[in-house]
Amino acid sequence: MKLTDKTMLITGASSGIGEAVALRASKDKCTVILSARDEEKLNKVKEEVEKNGSKAIVIPADVTKHEDIKNLFLEATRENRVLDVVFNNAGLGFIGNIWELTAEEIQTMVNVNALGMILVTKYASEVMVRQKHGHIIMTSSLAGLISLPQWAVYAATKWAITGFADSIHFELKPHNINVTTLHPGAVKTDFFAKDKANIDVKDMGDAVDAEEVADAVYQAIFTNTQKILIPKMAKNYALIYRFLPKVVQKLIEKQAKDIEYHTNVEEDEPEFSYIKCVKCDSN
Ligand SMILES: NC(=O)c1ccc[n+]([C@@H]2O[C@H](COP(=O)([O-])OP(=O)(O)OC[C@H]3O[C@@H](n4cnc5c(N)ncnc54)[C@H](OP(=O)(O)O)[C@@H]3O)[C@@H](O)[C@H]2O)c1
């Protein structure tokens with residue numbers, strides 16, 4: 001099973017899962033089109049891809065900017081290049097109770113994870129419907145199947161992608177286009193960095209390496225799997241959650257207590273400091 005002489009466009013290719021998928025594909029002499037905002041990081045990934053003897057093309061794009069996405073697909077399909085696989089993966093998460101997240105953090109998550117991903121799929125579909133061929137893989141999350149505390153907005157964006165993918169599956173199938181959603185549990189990447197989710201990966205229990213996820217994505221291209229759940233534990237959780245949600249909810253409540261999330265409510269919303277606690281004696 002190889003992607004030799006095929007082309008894969010990857011968003012979120014500057015690090016983590018996107019980078020790992022690019023490197024996996026490069027072992028097969030697959031042309032990879034690398035996209036994200038950070039051009040310097042993308043060029044480093046390009047170097048690694050080329051070391052494996054594959055071709056890499058860097059096209060920087062911010063998926064919150066419609067013009068960038070349009071330009072990405074115009075550049076990617078130059079000289080009638082066929083896009084065999086689009087790995088639509090760019091995303092990020094700011095984690096915290098809903099009242100602690102800033103409006104900007106909420107908007108960024110919705111714009112990158114939901115709107116950006118939907119627009120990338122729109123353009124990927126436009127290309128692939130004309131080609132009468134293709135495979136679109138979208139990175140949702142285990143949080144796009146199971147609801148978690150402190151992840152509400154992130155989960156909302158990922159559930160949006162789960163539903164979106166299930167719908168376009170019907171639309172694209174007659175055009176010979178496959179649709180897959182990727183639902184990873186915790187993966188050891190920059191996702192958890194201080195300026196993003198801000199969680200110590202060691203608190204994430206069974207976090208897997210990005211390379212393991214890349215292997216699963218790669219397999220799914222050949223088996224045309226509709227949903228990739230990784231690790232195996234994620235598959236079990238999702239199944240039990242579907243039929244016995246309370247069992248999983250209890251487990252989540254127990255685990256969530258041990259994780260420290262960031263809080264910025266006082267710094268970011270000082271104008272609400274006049275609000276007093278209704279039930280506190282000191283009022
Ligand atoms: N790590 C996990 O535990 C985990 C679990 C489930 C799902 N996921 C999902 O997996 C995907 C990849 O995340 P990762 O774990 O590999 O984290 P990562 O290493 O932080 O990678 C995120 C990628 O998204 C790109 N990105 C962020 N904002 C962007 C924007 N506005 N425009 C274009 N690209 C943007 C980043 O590149 P630039 O900063 O250079 O733009 C980077 O390449 C995300 O969709 C995430 O939600 C991750």
# chains A, B, ... in the order shown; residues from 1 in each chain; ligands from 1
$ residues_around --residues "stretch 206-210 of chain A" --least-positions-apart "3" --cutoff "6 Å" --atoms "only C-alpha atoms" --output "VMD selection string"
chain A and resid 17 20 186 to 188 213
$ write_last_selection --atoms "C-alpha atoms" --output "mmCIF file, in the first residue's frame"
data_model
loop_
_atom_site.group_PDB
_atom_site.id
_atom_site.type_symbol
_atom_site.label_atom_id
_atom_site.label_comp_id
_atom_site.auth_asym_id
_atom_site.auth_seq_id
_atom_site.Cartn_x
_atom_site.Cartn_y
_atom_site.Cartn_z
ATOM 1 C CA ILE A 17 0.226 15.273 13.378
ATOM 2 C CA ALA A 20 4.169 13.318 10.924
ATOM 3 C CA ALA A 186 -4.328 12.823 23.430
ATOM 4 C CA VAL A 187 -1.330 13.047 21.077
ATOM 5 C CA LYS A 188 2.115 14.326 22.127
ATOM 6 C CA VAL A 213 -1.487 8.683 14.370
#
$ closest_atom_pairs --of "chain A" --to "ligand 1" --cutoff "6 Å" --atoms "only C-alpha atoms and all ligand atoms" --output "Markdown table"
| residue | atom | partner | partner_atom_place_in_ligand_line | distance |
| --- | --- | --- | --- | --- |
| A:Gly12 | CA | ligand 1 | 43 (O) | 3.2 |
| A:Ala13 | CA | ligand 1 | 43 (O) | 4.6 |
| A:Ser14 | CA | ligand 1 | 43 (O) | 3.9 |
| A:Ser15 | CA | ligand 1 | 19 (O) | 4.3 |
| A:Gly16 | CA | ligand 1 | 16 (O) | 3.4 |
| A:Ile17 | CA | ligand 1 | 16 (O) | 3.8 |
| A:Gly18 | CA | ligand 1 | 16 (O) | 5.7 |
| A:Ala36 | CA | ligand 1 | 34 (N) | 3.9 |
| A:Arg37 | CA | ligand 1 | 41 (O) | 3.5 |
| A:Asp38 | CA | ligand 1 | 40 (O) | 3.7 |
| A:Ala61 | CA | ligand 1 | 33 (C) | 5.6 |
| A:Asp62 | CA | ligand 1 | 32 (N) | 3.4 |
| A:Val63 | CA | ligand 1 | 32 (N) | 4.0 |
| A:Thr64 | CA | ligand 1 | 31 (N) | 5.2 |
| A:Asn89 | CA | ligand 1 | 45 (O) | 4.8 |
| A:Ala90 | CA | ligand 1 | 24 (O) | 3.6 |
| A:Gly91 | CA | ligand 1 | 45 (O) | 3.3 |
| A:Leu92 | CA | ligand 1 | 47 (O) | 4.7 |
| A:Val112 | CA | ligand 1 | 31 (N) | 5.3 |
| A:Thr139 | CA | ligand 1 | 45 (O) | 5.2 |
| A:Ser140 | CA | ligand 1 | 7 (C) | 5.8 |
| A:Ser141 | CA | ligand 1 | 6 (C) | 4.0 |
| A:Pro184 | CA | ligand 1 | 6 (C) | 4.5 |
| A:Gly185 | CA | ligand 1 | 5 (C) | 5.0 |
| A:Ala186 | CA | ligand 1 | 3 (O) | 3.4 |
| A:Val187 | CA | ligand 1 | 3 (O) | 3.7 |
| A:Lys188 | CA | ligand 1 | 1 (N) | 5.7 |
| A:Thr189 | CA | ligand 1 | 19 (O) | 4.6 |
| A:Asp190 | CA | ligand 1 | 19 (O) | 4.0 |
| A:Phe191 | CA | ligand 1 | 20 (O) | 3.7 |
$ closest_residue --among "A:Val217, A:Ile177, A:Ala114, A:Leu72" --to "A:Leu34" --atoms "only C-alpha atoms"
A:Leu72
$ atom_distance --atom1 "atom CA of A:Leu23" --atom2 "atom CA of A:Glu48"
7.2 Å
$ atom_distance --atom1 "atom CA of A:Thr121" --atom2 "atom CA of A:Leu145"
20.0 Å
$ select_by_dssp --residues "stretch 58-185 of chain A" --states "strand (DSSP E)" --output "number ranges by chain"
A: 58, 85-88, 134-139, 177-184
$ residues_around --residues "A:Val153" --least-positions-apart "2" --cutoff "10 Å" --atoms "only C-alpha atoms" --output "short mmCIF file (atom, residue, chain, number, x, y, z; two decimals) with C-alpha atoms, in the first residue's frame"
data_model
loop_
_atom_site.label_atom_id
_atom_site.label_comp_id
_atom_site.auth_asym_id
_atom_site.auth_seq_id
_atom_site.Cartn_x
_atom_site.Cartn_y
_atom_site.Cartn_z
CA GLY A 93 -7.47 24.38 21.46
CA PHE A 94 -7.67 26.81 24.37
CA ILE A 95 -8.92 24.93 27.36
CA GLY A 96 -10.76 26.27 30.40
CA ASN A 97 -14.18 26.80 31.88
CA ILE A 98 -16.39 28.71 29.46
CA LEU A 101 -11.94 31.71 28.05
CA GLU A 105 -9.80 32.44 22.21
CA ILE A 106 -13.37 31.32 21.50
CA GLN A 107 -13.44 33.09 18.12
CA MET A 109 -11.14 28.11 17.86
CA VAL A 110 -14.36 28.52 15.88
CA PRO A 149 -15.44 19.52 30.86
CA GLN A 150 -13.28 22.61 30.12
CA TRP A 151 -13.21 21.65 26.46
CA ALA A 155 -15.60 20.15 21.51
CA ALA A 156 -18.25 22.28 19.79
CA THR A 157 -15.88 22.90 16.87
CA LYS A 158 -14.90 19.24 16.65
CA TRP A 159 -18.49 17.96 16.92
#
$ atom_distance --atom1 "atom CA of A:Tyr154" --atom2 "atom CA of A:Ile59"
26.3 Å
$ decode --residues "stretch 68-195 of chain A" --atoms "C-alpha atoms" --output "mmCIF file, in the first residue's frame"
data_model
loop_
_atom_site.group_PDB
_atom_site.id
_atom_site.type_symbol
_atom_site.label_atom_id
_atom_site.label_comp_id
_atom_site.auth_asym_id
_atom_site.auth_seq_id
_atom_site.Cartn_x
_atom_site.Cartn_y
_atom_site.Cartn_z
ATOM 1 C CA ASP A 68 -5.416 32.422 1.764
ATOM 2 C CA ILE A 69 -7.459 29.226 1.400
ATOM 3 C CA LYS A 70 -8.503 30.083 -2.152
ATOM 4 C CA ASN A 71 -4.908 30.909 -3.047
ATOM 5 C CA LEU A 72 -3.728 27.636 -1.453
ATOM 6 C CA PHE A 73 -5.911 25.621 -3.831
ATOM 7 C CA LEU A 74 -5.089 27.781 -6.868
ATOM 8 C CA GLU A 75 -1.347 27.313 -6.211
ATOM 9 C CA ALA A 76 -1.720 23.625 -5.341
ATOM 10 C CA THR A 77 -3.518 22.783 -8.603
ATOM 11 C CA ARG A 78 -1.156 24.745 -10.878
ATOM 12 C CA GLU A 79 -0.166 22.941 -14.052
ATOM 13 C CA ASN A 80 -3.195 20.646 -13.641
ATOM 14 C CA ARG A 81 -1.732 18.938 -10.585
ATOM 15 C CA VAL A 82 -4.181 16.313 -9.287
ATOM 16 C CA LEU A 83 -4.888 16.410 -5.543
ATOM 17 C CA ASP A 84 -5.294 12.782 -4.505
ATOM 18 C CA VAL A 85 -5.563 13.365 -0.757
ATOM 19 C CA VAL A 86 -6.293 16.491 1.276
ATOM 20 C CA PHE A 87 -5.443 16.093 4.940
ATOM 21 C CA ASN A 88 -7.442 18.953 6.444
ATOM 22 C CA ASN A 89 -5.875 19.090 9.855
ATOM 23 C CA ALA A 90 -5.007 22.630 11.063
ATOM 24 C CA GLY A 91 -6.449 23.246 14.498
ATOM 25 C CA LEU A 92 -5.846 24.327 18.050
ATOM 26 C CA GLY A 93 -7.475 24.377 21.457
ATOM 27 C CA PHE A 94 -7.671 26.815 24.368
ATOM 28 C CA ILE A 95 -8.921 24.933 27.355
ATOM 29 C CA GLY A 96 -10.764 26.268 30.397
ATOM 30 C CA ASN A 97 -14.180 26.802 31.881
ATOM 31 C CA ILE A 98 -16.394 28.710 29.458
ATOM 32 C CA TRP A 99 -16.404 31.881 31.632
ATOM 33 C CA GLU A 100 -12.593 31.816 31.792
ATOM 34 C CA LEU A 101 -11.942 31.713 28.048
ATOM 35 C CA THR A 102 -11.470 35.070 26.356
ATOM 36 C CA ALA A 103 -13.781 36.034 23.508
ATOM 37 C CA GLU A 104 -10.716 36.019 21.249
ATOM 38 C CA GLU A 105 -9.803 32.440 22.211
ATOM 39 C CA ILE A 106 -13.372 31.325 21.497
ATOM 40 C CA GLN A 107 -13.440 33.090 18.120
ATOM 41 C CA THR A 108 -10.048 31.681 17.134
ATOM 42 C CA MET A 109 -11.145 28.112 17.864
ATOM 43 C CA VAL A 110 -14.360 28.519 15.883
ATOM 44 C CA ASN A 111 -12.563 30.244 12.999
ATOM 45 C CA VAL A 112 -9.693 27.754 12.705
ATOM 46 C CA ASN A 113 -11.261 24.436 13.742
ATOM 47 C CA ALA A 114 -14.744 24.819 12.288
ATOM 48 C CA LEU A 115 -14.986 27.593 9.700
ATOM 49 C CA GLY A 116 -11.427 27.143 8.366
ATOM 50 C CA MET A 117 -11.816 23.392 8.101
ATOM 51 C CA ILE A 118 -15.176 23.722 6.343
ATOM 52 C CA LEU A 119 -13.778 26.226 3.819
ATOM 53 C CA VAL A 120 -10.720 24.061 3.115
ATOM 54 C CA THR A 121 -13.111 21.155 2.454
ATOM 55 C CA LYS A 122 -15.246 23.344 0.195
ATOM 56 C CA TYR A 123 -12.260 24.114 -2.050
ATOM 57 C CA ALA A 124 -10.887 20.569 -1.839
ATOM 58 C CA SER A 125 -14.320 19.309 -2.977
ATOM 59 C CA GLU A 126 -14.463 21.821 -5.829
ATOM 60 C CA VAL A 127 -11.164 20.457 -7.133
ATOM 61 C CA MET A 128 -11.988 16.796 -6.508
ATOM 62 C CA VAL A 129 -15.498 16.888 -8.014
ATOM 63 C CA ARG A 130 -13.847 18.144 -11.237
ATOM 64 C CA GLN A 131 -11.176 15.450 -10.978
ATOM 65 C CA LYS A 132 -13.865 12.813 -10.206
ATOM 66 C CA HIS A 133 -11.410 11.448 -7.676
ATOM 67 C CA GLY A 134 -10.011 12.155 -4.222
ATOM 68 C CA HIS A 135 -9.982 11.581 -0.499
ATOM 69 C CA ILE A 136 -10.562 14.256 2.152
ATOM 70 C CA ILE A 137 -9.452 13.502 5.701
ATOM 71 C CA MET A 138 -10.517 15.929 8.421
ATOM 72 C CA THR A 139 -9.026 16.012 11.887
ATOM 73 C CA SER A 140 -11.836 16.077 14.402
ATOM 74 C CA SER A 141 -10.964 14.665 17.825
ATOM 75 C CA LEU A 142 -12.135 12.191 20.417
ATOM 76 C CA ALA A 143 -13.653 15.411 21.811
ATOM 77 C CA GLY A 144 -15.746 15.441 18.629
ATOM 78 C CA LEU A 145 -17.498 12.277 19.826
ATOM 79 C CA ILE A 146 -17.375 12.605 23.615
ATOM 80 C CA SER A 147 -18.107 15.765 25.617
ATOM 81 C CA LEU A 148 -15.502 16.845 28.146
ATOM 82 C CA PRO A 149 -15.439 19.524 30.859
ATOM 83 C CA GLN A 150 -13.277 22.609 30.118
ATOM 84 C CA TRP A 151 -13.210 21.646 26.456
ATOM 85 C CA ALA A 152 -16.717 22.880 25.571
ATOM 86 C CA VAL A 153 -15.831 25.295 22.758
ATOM 87 C CA TYR A 154 -13.117 23.043 21.381
ATOM 88 C CA ALA A 155 -15.596 20.146 21.514
ATOM 89 C CA ALA A 156 -18.250 22.279 19.788
ATOM 90 C CA THR A 157 -15.878 22.905 16.871
ATOM 91 C CA LYS A 158 -14.898 19.240 16.646
ATOM 92 C CA TRP A 159 -18.492 17.958 16.923
ATOM 93 C CA ALA A 160 -19.272 20.417 14.115
ATOM 94 C CA ILE A 161 -16.647 18.718 11.951
ATOM 95 C CA THR A 162 -17.931 15.240 12.842
ATOM 96 C CA GLY A 163 -21.450 16.196 11.687
ATOM 97 C CA PHE A 164 -20.186 18.115 8.678
ATOM 98 C CA ALA A 165 -18.067 15.179 7.504
ATOM 99 C CA ASP A 166 -20.907 12.683 7.934
ATOM 100 C CA SER A 167 -23.125 14.898 5.726
ATOM 101 C CA ILE A 168 -20.648 15.618 2.938
ATOM 102 C CA HIS A 169 -19.814 11.924 2.827
ATOM 103 C CA PHE A 170 -23.202 11.485 1.078
ATOM 104 C CA GLU A 171 -22.605 14.426 -1.252
ATOM 105 C CA LEU A 172 -19.139 13.385 -2.349
ATOM 106 C CA LYS A 173 -19.488 9.614 -2.595
ATOM 107 C CA PRO A 174 -21.219 9.740 -6.028
ATOM 108 C CA HIS A 175 -18.215 11.760 -7.273
ATOM 109 C CA ASN A 176 -15.730 9.069 -6.246
ATOM 110 C CA ILE A 177 -14.486 11.128 -3.292
ATOM 111 C CA ASN A 178 -13.947 9.486 0.085
ATOM 112 C CA VAL A 179 -14.355 11.310 3.378
ATOM 113 C CA THR A 180 -12.653 10.290 6.613
ATOM 114 C CA THR A 181 -12.640 11.868 10.045
ATOM 115 C CA LEU A 182 -9.719 11.415 12.406
ATOM 116 C CA HIS A 183 -10.634 11.236 16.109
ATOM 117 C CA PRO A 184 -7.467 11.040 18.194
ATOM 118 C CA GLY A 185 -7.342 11.005 21.965
ATOM 119 C CA ALA A 186 -4.328 12.823 23.430
ATOM 120 C CA VAL A 187 -1.330 13.047 21.077
ATOM 121 C CA LYS A 188 2.115 14.326 22.127
ATOM 122 C CA THR A 189 2.353 17.519 20.037
ATOM 123 C CA ASP A 190 2.606 21.314 20.390
ATOM 124 C CA PHE A 191 -1.182 21.314 20.804
ATOM 125 C CA PHE A 192 -0.606 21.336 24.594
ATOM 126 C CA ALA A 193 1.949 24.194 24.535
ATOM 127 C CA LYS A 194 1.675 27.123 26.955
ATOM 128 C CA ASP A 195 0.252 29.534 24.359
#
